[in-house]
file entry38.txt (compact mmCIF, C-alpha atoms)
# COMPACT_ATOMS: atom_id res chain seq x y z
CA MET J 1 -13.23 32.67 -20.18
CA THR J 2 -10.20 33.74 -18.27
CA GLY J 3 -8.28 31.34 -16.12
CA ARG J 4 -9.78 32.76 -12.99
CA GLY J 5 -13.32 32.56 -14.21
CA SER J 6 -13.29 28.88 -15.06
CA PRO J 7 -12.55 26.11 -12.58
CA SER J 8 -9.04 24.77 -12.27
CA ARG J 9 -7.31 22.00 -10.37
CA PHE J 10 -3.84 20.84 -9.47
CA LEU J 11 -2.11 17.93 -11.07
CA ALA J 12 -2.92 14.82 -9.11
CA ALA J 13 -3.26 11.08 -9.52
CA VAL J 14 -6.19 9.14 -8.18
CA LEU J 15 -4.96 7.20 -5.14
CA HIS J 16 -1.26 7.85 -6.05
CA ASN J 17 -1.77 5.59 -9.05
CA GLY J 18 1.68 5.19 -10.53
CA VAL J 19 3.58 4.80 -7.28
CA GLY J 20 2.49 1.27 -6.54
CA ARG J 21 1.18 -0.64 -9.52
CA TYR J 22 -0.61 1.09 -12.39
CA VAL J 23 -4.36 0.54 -12.32
CA ARG J 24 -6.27 1.52 -15.43
CA GLN J 25 -8.79 4.10 -14.35
CA LEU J 26 -11.41 3.30 -16.95
CA GLN J 27 -13.95 0.91 -15.53
CA ARG J 28 -16.49 0.38 -18.25
CA LEU J 29 -17.38 1.69 -21.67
CA GLN J 30 -20.96 1.61 -22.83
CA LEU J 31 -21.55 1.94 -26.54
CA LEU J 32 -25.13 3.03 -27.23
CA PHE J 33 -26.10 3.24 -30.85
CA SER J 34 -29.07 2.72 -33.08
CA PRO J 35 -29.07 -0.17 -35.55
CA THR J 36 -30.72 1.80 -38.32
CA ALA J 37 -29.84 5.48 -38.10
CA ALA J 38 -27.49 6.86 -40.70
CA ASP J 39 -25.09 8.64 -38.38
CA ALA J 40 -24.45 5.52 -36.37
CA ARG J 41 -22.76 3.86 -39.32
CA GLY J 42 -19.29 4.29 -37.86
CA ALA J 43 -20.49 2.88 -34.58
CA ARG J 44 -21.93 -0.18 -36.28
CA GLN J 45 -18.71 -0.74 -38.19
CA PHE J 46 -16.74 -0.34 -34.99
CA VAL J 47 -18.88 -2.98 -33.31
CA GLU J 48 -18.51 -5.38 -36.23
CA GLU J 49 -14.80 -5.04 -36.80
CA GLU J 50 -12.86 -3.48 -34.01
CA ALA J 51 -14.76 -3.81 -30.75
CA LEU J 52 -13.50 -7.33 -30.18
CA ASP J 53 -9.87 -6.27 -30.66
CA PHE J 54 -10.37 -3.40 -28.27
CA ALA J 55 -11.85 -5.71 -25.68
CA ARG J 56 -9.00 -8.18 -26.06
CA ARG J 57 -6.37 -5.51 -25.74
CA HIS J 58 -7.98 -3.99 -22.67
CA PRO J 59 -9.13 -6.92 -20.54
CA ASP J 60 -9.68 -4.66 -17.57
CA VAL J 61 -12.33 -2.52 -19.25
CA VAL J 62 -15.82 -3.96 -19.49
CA LEU J 63 -17.30 -3.08 -22.87
CA TYR J 64 -21.08 -3.07 -23.12
CA VAL J 65 -22.62 -2.82 -26.56
CA SER J 66 -26.30 -1.93 -26.51
CA PRO J 67 -28.24 -1.16 -29.64
CA CYS J 68 -31.31 0.93 -28.94
CA THR J 69 -33.43 2.73 -31.50
CA GLY J 70 -33.89 6.42 -31.85
CA LEU J 71 -30.87 7.51 -29.83
CA ALA J 72 -27.89 9.56 -30.89
CA PRO J 73 -24.89 7.24 -30.83
CA ARG J 74 -22.67 7.85 -27.84
CA LEU J 75 -19.86 6.36 -25.83
CA LEU J 76 -20.25 6.46 -22.02
CA ALA J 77 -17.07 6.03 -20.04
CA GLU J 78 -17.18 5.34 -16.30
CA TYR J 79 -14.07 5.80 -14.24
CA LEU J 80 -12.96 4.38 -10.93
CA ASN J 81 -13.48 7.60 -9.02
CA GLY J 82 -17.08 7.80 -10.17
CA THR J 83 -16.89 10.27 -13.07
CA VAL J 84 -19.00 9.46 -16.09
CA ARG J 85 -17.96 10.97 -19.40
CA GLU J 86 -20.16 10.95 -22.44
CA GLU J 87 -18.88 11.40 -25.97
CA LEU J 88 -21.05 11.68 -29.04
CA ILE J 89 -19.86 9.53 -31.91
CA ALA J 90 -22.38 10.52 -34.58
CA SER J 91 -20.89 10.54 -38.07
CA LYS J 92 -17.50 9.36 -36.95
CA THR J 93 -15.65 6.65 -38.76
CA SER J 94 -14.69 3.43 -37.11
CA GLU J 95 -10.99 4.40 -36.75
CA GLU J 96 -11.92 7.66 -35.12
CA ILE J 97 -14.09 5.82 -32.62
CA MET J 98 -11.21 3.47 -31.92
CA GLN J 99 -8.88 6.38 -31.27
CA LEU J 100 -11.46 7.99 -29.04
CA ALA J 101 -11.90 4.79 -27.08
CA THR J 102 -8.16 4.36 -26.54
CA LYS J 103 -7.92 7.98 -25.47
CA LEU J 104 -10.69 7.45 -22.92
CA ALA J 105 -9.00 4.27 -21.73
CA GLY J 106 -5.83 6.18 -20.94
CA GLN J 107 -7.49 9.02 -19.04
CA SER J 108 -8.13 9.11 -15.35
CA GLY J 109 -11.51 10.27 -14.19
CA LEU J 110 -10.33 13.64 -12.90
CA ASP J 111 -12.03 16.71 -14.39
CA ILE J 112 -10.80 18.04 -17.68
CA ILE J 113 -10.28 21.60 -16.58
CA ARG J 114 -7.27 23.86 -16.52
CA ILE J 115 -4.37 22.32 -14.60
CA ARG J 116 -2.63 25.00 -12.65
CA LYS J 117 0.87 23.56 -12.69
CA PRO J 118 2.17 20.74 -14.85
CA PHE J 119 4.08 19.28 -11.89
CA HIS J 120 3.35 18.20 -8.36
CA THR J 121 5.52 16.99 -5.55
CA ASP J 122 4.94 16.00 -1.99
CA ASN J 123 8.49 16.67 -0.83
CA PRO J 124 9.26 20.07 -2.23
CA SER J 125 12.39 20.65 -0.23
CA VAL J 126 15.31 18.32 0.42
CA GLN J 127 17.62 20.53 2.45
CA GLY J 128 14.84 22.31 4.26
CA GLN J 129 12.83 25.21 2.97
CA TRP J 130 14.45 28.61 3.24
CA HIS J 131 13.00 30.95 5.81
CA PRO J 132 14.29 34.42 6.66
CA LEU J 133 16.35 33.11 9.56
CA THR J 134 18.12 30.34 7.68
CA ASN J 135 21.56 31.73 7.20
CA LYS J 136 21.56 34.35 9.89
CA PRO J 137 23.91 33.91 12.83
CA SER J 138 22.09 32.67 15.91
CA VAL J 139 21.69 34.50 19.20
CA LEU J 140 24.49 32.49 20.78
CA ASN J 141 27.06 33.50 18.19
CA VAL J 142 26.41 37.19 18.19
CA ARG J 143 28.58 38.91 20.68
CA GLY J 144 27.46 42.22 21.94
CA PRO J 145 27.34 44.14 25.09
CA CYS J 146 23.60 43.72 25.57
CA LEU J 147 23.57 39.88 25.60
CA GLN J 148 24.37 38.13 28.87
CA PRO J 149 26.69 35.13 28.63
CA GLN J 150 24.57 32.01 29.21
CA ARG C 1 -24.88 0.16 -9.97
CA SER C 2 -26.48 -3.19 -10.55
CA GLU C 3 -29.86 -1.52 -10.91
CA LYS C 4 -28.72 0.71 -13.75
CA PRO C 5 -28.65 -0.64 -17.32
CA ASN C 6 -25.65 -2.53 -18.62
CA TRP C 7 -24.35 -4.61 -15.77
CA ASP C 8 -22.77 -8.01 -16.05
CA TYR C 9 -21.46 -9.24 -12.70
CA GLN C 10 -19.25 -11.98 -14.09
CA ALA C 11 -17.58 -9.65 -16.58
CA GLU C 12 -17.10 -6.97 -13.95
CA ILE C 13 -15.40 -9.41 -11.61
CA GLN C 14 -13.05 -10.60 -14.32
CA ALA C 15 -12.23 -7.03 -15.27
CA PHE C 16 -11.58 -6.30 -11.58
CA SER C 17 -8.97 -9.00 -11.32
CA HIS C 18 -7.31 -7.92 -14.58
CA ARG C 19 -7.28 -4.31 -13.50
CA LEU C 20 -5.35 -5.15 -10.37
CA HIS C 21 -2.96 -7.37 -12.38
CA GLU C 22 -3.70 -10.30 -10.11
CA ASN C 23 -5.03 -13.78 -10.72
CA PHE C 24 -7.84 -14.42 -8.34
CA SER C 25 -9.73 -17.65 -8.14
CA LEU C 26 -13.16 -16.39 -9.11
CA ASP C 27 -15.29 -18.22 -6.56
CA LEU C 28 -13.10 -17.03 -3.69
CA LEU C 29 -13.45 -13.52 -5.06
CA LYS C 30 -17.20 -13.84 -5.34
CA THR C 31 -17.39 -15.08 -1.76
CA ALA C 32 -15.29 -12.13 -0.71
CA PHE C 33 -17.89 -9.70 -1.95
CA VAL C 34 -20.81 -11.31 -0.14
CA ASN C 35 -21.60 -9.65 3.16
CA SER C 36 -23.60 -11.20 5.94
CA CYS C 37 -26.19 -8.42 5.91
CA TYR C 38 -26.79 -9.20 2.25
CA VAL C 39 -27.40 -12.87 2.96
CA GLU C 40 -29.92 -12.04 5.66
CA SER C 41 -31.75 -9.47 3.59
CA GLU C 42 -31.92 -11.78 0.59
CA GLU C 43 -33.33 -14.59 2.68
CA ALA C 44 -35.90 -12.26 4.18
CA ARG C 45 -36.87 -11.00 0.75
CA ARG C 46 -37.27 -14.49 -0.63
CA GLN C 47 -39.39 -15.48 2.30
CA GLU C 48 -41.58 -12.49 1.75
CA LEU C 49 -41.99 -13.47 -1.87
CA GLY C 50 -43.48 -16.71 -0.67
CA LEU C 51 -40.76 -19.32 -1.12
CA ASP C 52 -40.26 -22.09 1.44
CA LYS C 53 -37.62 -21.90 4.06
CA GLU C 54 -35.38 -24.49 2.37
CA ALA C 55 -35.72 -22.89 -1.02
CA ALA C 56 -35.02 -19.52 0.53
CA ALA C 57 -31.71 -20.57 2.06
CA LEU C 58 -29.01 -19.25 -0.22
CA ASN C 59 -25.92 -21.28 -0.87
CA LEU C 60 -23.71 -18.33 -0.23
CA GLN C 61 -20.97 -18.13 2.32
CA ASP C 62 -20.16 -14.72 3.55
CA ASN C 63 -16.84 -13.05 3.75
CA SER C 64 -16.16 -12.82 7.49
CA LYS C 65 -13.48 -15.52 7.56
CA LEU C 66 -11.71 -14.07 4.53
CA ALA C 67 -11.98 -10.61 6.04
CA GLU C 68 -10.28 -11.70 9.25
CA GLN C 69 -7.53 -13.46 7.35
CA GLY C 70 -6.98 -10.43 5.16
CA MET C 71 -6.91 -8.04 8.07
CA SER C 72 -4.45 -10.03 10.15
CA PHE C 73 -2.20 -10.64 7.15
CA SER C 74 -2.10 -6.98 6.16
CA ARG C 75 -1.42 -5.84 9.70
CA SER C 76 1.43 -8.28 10.20
CA TYR C 77 2.88 -7.56 6.77
CA LEU C 78 2.77 -3.82 7.28
CA THR C 79 4.31 -4.16 10.74
CA GLN C 80 7.15 -6.17 9.25
CA CYS C 81 7.65 -3.62 6.49
CA PHE C 82 7.88 -0.77 8.92
CA GLU C 83 10.16 -2.66 11.30
CA GLY C 84 12.48 -3.24 8.39
CA ALA C 85 12.31 0.27 7.07
CA TYR C 86 12.44 2.28 10.27
CA PRO C 87 14.26 0.07 12.77
CA ALA C 88 14.52 2.86 15.31
CA LEU C 89 10.79 3.48 15.46
CA PRO C 90 9.33 2.05 18.69
CA ALA C 91 6.52 -0.47 18.69
CA LYS C 92 3.93 2.11 19.63
CA GLY C 93 4.84 4.25 16.65
CA ILE C 94 4.67 1.29 14.27
CA GLY C 95 1.35 0.32 15.82
CA ALA C 96 0.04 3.83 15.26
CA LEU C 97 1.13 3.78 11.61
CA VAL C 98 -0.46 0.39 10.98
CA ASP C 99 -3.65 1.47 12.73
CA PHE C 100 -3.82 4.56 10.56
CA LEU C 101 -3.32 2.52 7.40
CA THR C 102 -5.98 -0.01 8.32
CA SER C 103 -8.41 2.57 9.65
CA GLN C 104 -11.93 2.74 8.32
CA GLU C 105 -11.70 6.02 6.44
CA LEU C 106 -8.52 5.17 4.62
CA VAL C 107 -9.49 1.66 3.66
CA SER C 108 -12.95 2.69 2.54
CA TYR C 109 -11.43 5.52 0.47
CA VAL C 110 -9.04 3.09 -1.22
CA ALA C 111 -11.86 0.62 -1.77
CA GLN C 112 -14.10 3.25 -3.33
CA ASN C 113 -11.46 4.26 -5.78
CA LEU C 114 -10.95 0.64 -6.78
CA SER C 115 -14.67 0.32 -7.52
CA ILE C 116 -15.23 -2.24 -4.78
CA GLN C 117 -18.45 -0.51 -3.81
CA ASP C 118 -19.93 -1.47 -7.19
CA LEU C 119 -19.19 -5.13 -6.70
CA THR C 120 -20.09 -5.57 -3.01
CA LEU C 121 -23.33 -7.29 -2.23
CA CYS C 122 -24.75 -5.46 0.74
CA LYS C 123 -28.04 -4.48 2.28
CA GLU C 124 -27.71 -0.70 2.27
CA PHE C 125 -26.78 1.62 -0.52
CA PRO C 126 -24.48 3.63 -0.56
CA VAL C 127 -22.25 1.07 1.06
CA PRO C 128 -21.25 2.16 4.60
CA PRO C 129 -17.49 2.46 5.26
CA ASN C 130 -17.16 -0.43 7.71
CA VAL C 131 -18.67 -2.79 5.15
CA LEU C 132 -16.26 -1.47 2.52
CA GLN C 133 -13.36 -2.01 4.89
CA ARG C 134 -14.45 -5.57 5.60
CA THR C 135 -14.93 -6.30 1.91
CA PHE C 136 -11.51 -4.96 1.01
CA PHE C 137 -9.87 -7.13 3.63
CA ALA C 138 -11.91 -10.06 2.38
CA VAL C 139 -10.55 -9.41 -1.12
CA ILE C 140 -7.05 -9.44 0.34
CA GLY C 141 -7.88 -12.70 2.11
CA ALA C 142 -9.13 -14.18 -1.16
CA LEU C 143 -5.92 -13.13 -2.85
CA LEU C 144 -3.94 -14.70 -0.02
CA ASN C 145 -5.72 -17.97 -0.56
CA SER C 146 -5.42 -17.84 -4.34
CA SER C 147 -1.90 -16.59 -4.95
CA GLY C 148 0.07 -17.04 -1.78
CA PRO C 149 1.60 -14.64 0.73
CA GLU C 150 4.28 -13.08 -1.45
CA LYS C 151 2.01 -11.72 -4.12
CA THR C 152 -0.46 -10.59 -1.53
CA GLY C 153 2.33 -8.82 0.28
CA ILE C 154 3.22 -6.93 -2.89
CA PHE C 155 -0.47 -6.06 -3.35
CA VAL C 156 -0.75 -4.69 0.19
CA ARG C 157 2.45 -2.74 -0.28
CA ASP C 158 1.30 -1.24 -3.57
CA PHE C 159 -2.00 -0.01 -2.26
CA PHE C 160 -1.42 0.93 1.37
CA ILE C 161 2.02 2.42 1.49
CA PRO C 162 1.44 5.23 -1.06
CA GLU C 163 -1.17 6.55 1.36
CA LEU C 164 1.71 7.59 3.61
CA ILE C 165 3.15 9.91 0.97
CA GLY C 166 3.19 13.48 2.15
CA LYS C 167 2.13 12.59 5.69
CA ASP C 168 4.19 13.53 8.69
CA LEU C 169 4.88 11.03 11.48
CA PHE C 170 3.32 13.07 14.24
CA GLU C 171 0.18 13.71 12.25
CA ILE C 172 -0.46 10.00 12.40
CA TRP C 173 1.01 9.16 15.81
CA GLU C 174 -0.26 11.32 18.67
CA VAL C 175 2.56 11.93 21.12
CA VAL C 176 1.60 13.84 24.23
CA ASN C 177 5.03 14.41 25.72
CA PRO C 178 7.68 14.51 22.99
CA MET C 179 10.37 15.77 25.37
CA GLY C 180 9.93 12.83 27.71
CA LEU C 181 10.01 10.40 24.80
CA LEU C 182 13.13 12.07 23.45
CA VAL C 183 14.90 11.80 26.82
CA GLU C 184 14.04 8.08 26.92
CA GLU C 185 15.37 7.52 23.41
CA LEU C 186 18.58 9.35 24.16
CA THR C 187 19.20 7.42 27.38
CA LYS C 188 18.71 4.20 25.41
CA ARG C 189 21.49 5.31 23.10
CA ASN C 190 23.67 6.53 25.99
CA ILE C 191 23.61 10.16 24.95
CA SER C 192 23.27 12.80 27.63
CA SER C 193 19.95 14.52 27.98
CA PRO C 194 19.34 17.56 25.80
CA GLU C 195 19.77 21.13 26.92
CA PRO C 196 17.41 23.60 25.27
CA ARG C 197 18.79 26.97 24.26
CA ILE C 198 17.20 29.80 22.32
CA THR C 199 18.95 30.03 18.98
CA ARG C 200 16.95 32.74 17.30
CA GLN C 201 14.18 35.00 18.36
CA LEU C 202 12.11 37.54 16.49
CA GLY C 203 9.50 39.95 17.63
CA VAL C 204 9.68 39.09 21.30
CA SER C 205 7.55 41.94 22.48
CA THR C 206 4.95 41.76 19.73
CA VAL C 207 1.76 39.79 19.35
CA LEU C 208 3.42 37.16 17.16
CA PRO C 209 6.79 36.29 18.60
CA LEU C 210 8.90 33.60 17.00
CA TYR C 211 11.41 31.58 18.96
CA PHE C 212 13.76 28.97 17.56
CA VAL C 213 14.87 26.63 20.32
CA GLY C 214 17.81 24.33 19.71
CA LEU C 215 18.44 21.13 21.63
CA TYR C 216 22.10 20.54 22.48
CA CYS C 217 23.58 17.24 23.67
CA ASP C 218 27.18 17.58 24.92
CA LYS C 219 27.29 21.01 23.37
CA LYS C 220 26.43 19.64 19.89
CA ILE C 221 23.13 20.57 18.32
CA ILE C 222 20.72 17.76 17.49
CA ALA C 223 17.61 19.62 16.42
CA GLU C 224 16.07 23.03 16.18
CA GLY C 225 12.41 23.89 16.13
CA PRO C 226 10.30 27.03 15.83
CA GLY C 227 7.36 28.05 17.93
CA GLU C 228 5.27 30.95 19.10
CA THR C 229 6.12 30.66 22.76
CA LEU C 230 9.23 29.19 24.33
CA LEU C 231 7.37 26.09 25.45
CA ALA C 232 5.87 25.49 22.03
CA ALA C 233 9.25 25.94 20.41
CA GLU C 234 10.88 23.49 22.79
CA GLU C 235 8.21 20.90 22.08
CA GLU C 236 8.61 21.37 18.36
CA ALA C 237 12.36 20.99 18.67
CA ALA C 238 11.82 17.73 20.58
CA ARG C 239 9.57 16.51 17.77
CA VAL C 240 12.16 17.41 15.13
CA ALA C 241 14.78 15.53 17.12
CA LEU C 242 12.52 12.48 17.33
CA ARG C 243 11.89 12.58 13.62
CA LYS C 244 15.60 12.65 12.95
CA LEU C 245 16.24 9.80 15.37
CA TYR C 246 13.55 7.59 13.88
CA GLY C 247 14.57 8.40 10.34
CA TYR C 248 11.14 9.68 9.34
CA THR C 249 12.20 13.14 8.18
CA GLU C 250 10.65 14.79 5.17
CA ASN C 251 13.77 14.34 3.11
CA ARG C 252 14.26 10.62 3.74
CA ARG C 253 14.64 8.22 0.83
CA PRO C 254 11.26 7.35 -0.62
CA TRP C 255 9.89 3.84 -0.27
CA ASP C 256 11.34 1.29 -2.60
CA TYR C 257 8.65 -0.38 -4.68
CA SER C 258 10.88 -2.01 -7.24
CA ARG C 259 12.04 -5.34 -5.94
CA PRO C 260 9.58 -7.86 -4.62
CA LYS C 261 10.37 -8.35 -0.96
CA GLN C 262 12.10 -11.63 -0.39
CA GLY C 263 10.18 -14.12 1.64
CA PHE C 264 7.29 -13.67 3.96
CA ALA C 265 8.93 -14.65 7.24
CA ALA C 266 11.84 -12.71 6.07
CA ASP C 267 14.84 -10.62 6.65
CA LYS C 268 14.32 -7.19 8.05
CA ALA C 269 17.54 -5.73 6.81
CA ILE C 270 16.25 -4.28 3.60
CA GLY C 271 18.97 -1.74 3.08
CA SER C 272 17.47 0.52 0.42
CA ASN C 273 14.71 1.71 2.75
call {"tool": "encode", "arguments": {"input": "entry38.txt", "output": "structure tokens"}}
result
Amino acid sequence: MTGRGSPSRFLAAVLHNGVGRYVRQLQRLQLLFSPTAADARGARQFVEEEALDFARRHPDVVLYVSPCTGLAPRLLAEYLNGTVREELIASKTSEEIMQLATKLAGQSGLDIIRIRKPFHTDNPSVQGQWHPLTNKPSVLNVRGPCLQPQ
Amino acid sequence: RSEKPNWDYQAEIQAFSHRLHENFSLDLLKTAFVNSCYVESEEARRQELGLDKEAAALNLQDNSKLAEQGMSFSRSYLTQCFEGAYPALPAKGIGALVDFLTSQELVSYVAQNLSIQDLTLCKEFPVPPNVLQRTFFAVIGALLNSSGPEKTGIFVRDFFIPELIGKDLFEIWEVVNPMGLLVEELTKRNISSPEPRITRQLGVSTVLPLYFVGLYCDKKIIAEGPGETLLAAEEEAARVALRKLYGYTENRRPWDYSRPKQGFAADKAIGSN
């Protein structure tokens, strides 16, 4: 799809995040997997080996591990602004799931669509934005026969 | 959120305090999230389920005291910050800024994006904005009681002051007569009253004229403002002059978040602002 056909947004931070302190935008991660299915093997290995390290390194993300049968294994990420992102982790190895989880932990919950400009500023002009009358001489300086002295 | 699967209140509260990089005492924090409407509705529900009156009484205190503490602390802290940063701004202007920052919409917006609405215990869902505002101030009150005024001051600064980014002074503070205010300010500083002159004009006889009116004090220009009619341009020029006098122009130095402010009852001469 062209840029105009698909949605796009401007670069922004939720609640001006970096200006004051940095608040991790990921709220909770839910790991749903099945204890027996073959494609959830990576998920089970992740839970056994690396989930505890992940939880220790990110104490501000609540990690819920819920085994339930007959479901495709997935990772649900909920962000502070309410977005919920779901990633399928079928047939992924444990390291790949770890990388995916760290990637989700670094994202903010804003939509993953085309960003129109890679920069954003609230004070675009320091000396005052140019307008067509900026450097023109003012009415008082122009001498001419038609202007009355004030 | 507590009705959906996977919810552990204790873990969520701990994650909340880690996320904000603050050490809260957990019972104060839990009290901060309890609202009075929740206590009443829980008691009513338990009574309906058939428990006795004594068994139905919950041992929960609600957050009204903490909310008042939090609100008064944040207001006084923000007033001090602004008095230090913009010493020329009059008390009404500072009051307007503080009122804007502690207003319901802003505080409930901040609280929603910090996931406070998931943790509040309240009767209605979705949580109404005044409850969110009260809960946020209660959280600030809990922080005040757990970590002391300095850390709480830094917390308030980090979450409220970025909301002023990109906002203009007169969007927040309604001034009905900027020219009168300007004349008062200038007489306080012993400068003669301003004389408005047209500096530029375009399209005078068309549907969209543009006038630039400059304000001159002792023949030196202090501000220039555009407008569609002469009156509108003069008013805009008065507003520009006021912004320059109060130091709240668009190209002022941004707020300094780096150093922790020294002392709560402290010095107002913070030079870098």
call {"tool": "closest_residue", "arguments": {"input": "entry38.txt", "among": "C:Gly50, C:Gly93, C:Pro162, C:Pro5", "to": "Tyr246 in chain C", "atoms": "all atoms listed in the file"}}
result
C:Gly93
call {"tool": "atom_distance", "arguments": {"input": "entry38.txt", "atom1": "CA of Ile140 in chain C", "atom2": "CA of Pro128 in chain C"}}
result
18.8 Å
call {"tool": "residues_around", "arguments": {"input": "entry38.txt", "residues": "Ser193 in chain C", "least_positions_apart": "3", "cutoff": "12 Å", "atoms": "all atoms listed in the file", "output": "VMD selection string"}}
result
chain C and resid 179 to 190 196 215 to 222 238
call {"tool": "interface_residues", "arguments": {"input": "entry38.txt", "of": "chain C", "to": "chain J", "cutoff": "8 Å", "atoms": "all atoms listed in the file", "output": "list in words"}}
result
Asn6, Ala11, Glu12, Gln14, Ala15, Phe16, Ser17, His18, Arg19, Leu20, Val110, Gln112, Asn113, Leu114, Ser115, Arg157, Asp158, Phe159, Pro162, Glu163, Ile165, Gly166, Ile198, Thr199, Arg200, Gln201, Glu250, Asn251 and Tyr257 of chain C
call {"tool": "residues_around", "arguments": {"input": "entry38.txt", "residues": "Pro67 in chain J", "least_positions_apart": "6", "cutoff": "12 Å", "atoms": "all atoms listed in the file", "output": "list in words"}}
result
Gln30, Leu31, Leu32, Phe33, Ser34, Pro35, Thr36, Ala37, Ala40, Ala43, Arg44, Val47, Pro73, Arg74 and Leu75 of chain J; Asn6 of chain C
call {"tool": "closest_residue", "arguments": {"input": "entry38.txt", "among": "J:Asp39, J:Ala77, J:Leu52, J:Phe10", "to": "Gln107 in chain J", "atoms": "only C-alpha atoms"}}
result
J:Ala77
call {"tool": "atom_distance", "arguments": {"input": "entry38.txt", "atom1": "CA of Ser91 in chain J", "atom2": "CA of Leu104 in chain J"}}
result
18.5 Å
call {"tool": "atom_distance", "arguments": {"input": "entry38.txt", "atom1": "CA of Val240 in chain C", "atom2": "CA of Arg253 in chain C"}}
result
17.2 Å
call {"tool": "closest_residue", "arguments": {"input": "entry38.txt", "among": "C:Cys37, C:Leu230, C:Leu210, C:Leu169", "to": "Phe125 in chain C", "atoms": "only C-alpha atoms"}}
result
C:Cys37
call {"tool": "closest_residue", "arguments": {"input": "entry38.txt", "among": "C:Glu42, C:Asp62, C:Glu48, C:Asp118", "to": "Tyr9 in chain C", "atoms": "only C-alpha atoms"}}
result
C:Asp118
call {"tool": "closest_residue", "arguments": {"input": "entry38.txt", "among": "C:Pro178, C:Gly95, C:Pro194, C:Lys151", "to": "Leu78 in chain C", "atoms": "all atoms listed in the file"}}
result
C:Gly95
call {"tool": "residues_near_point", "arguments": {"input": "entry38.txt", "point": "(-17.0, 5.6, -40.9)", "cutoff": "12 Å", "atoms": "all atoms listed in the file", "output": "JSON, numbers by chain"}}
result
{"J": [38, 39, 40, 41, 42, 43, 44, 45, 46, 47, 49, 89, 90, 91, 92, 93, 94, 95, 96, 97, 98]}
call {"tool": "closest_residue", "arguments": {"input": "entry38.txt", "among": "C:Pro90, C:Phe160, C:Val127, C:Arg134", "to": "Leu106 in chain C", "atoms": "all atoms listed in the file"}}
result
C:Phe160
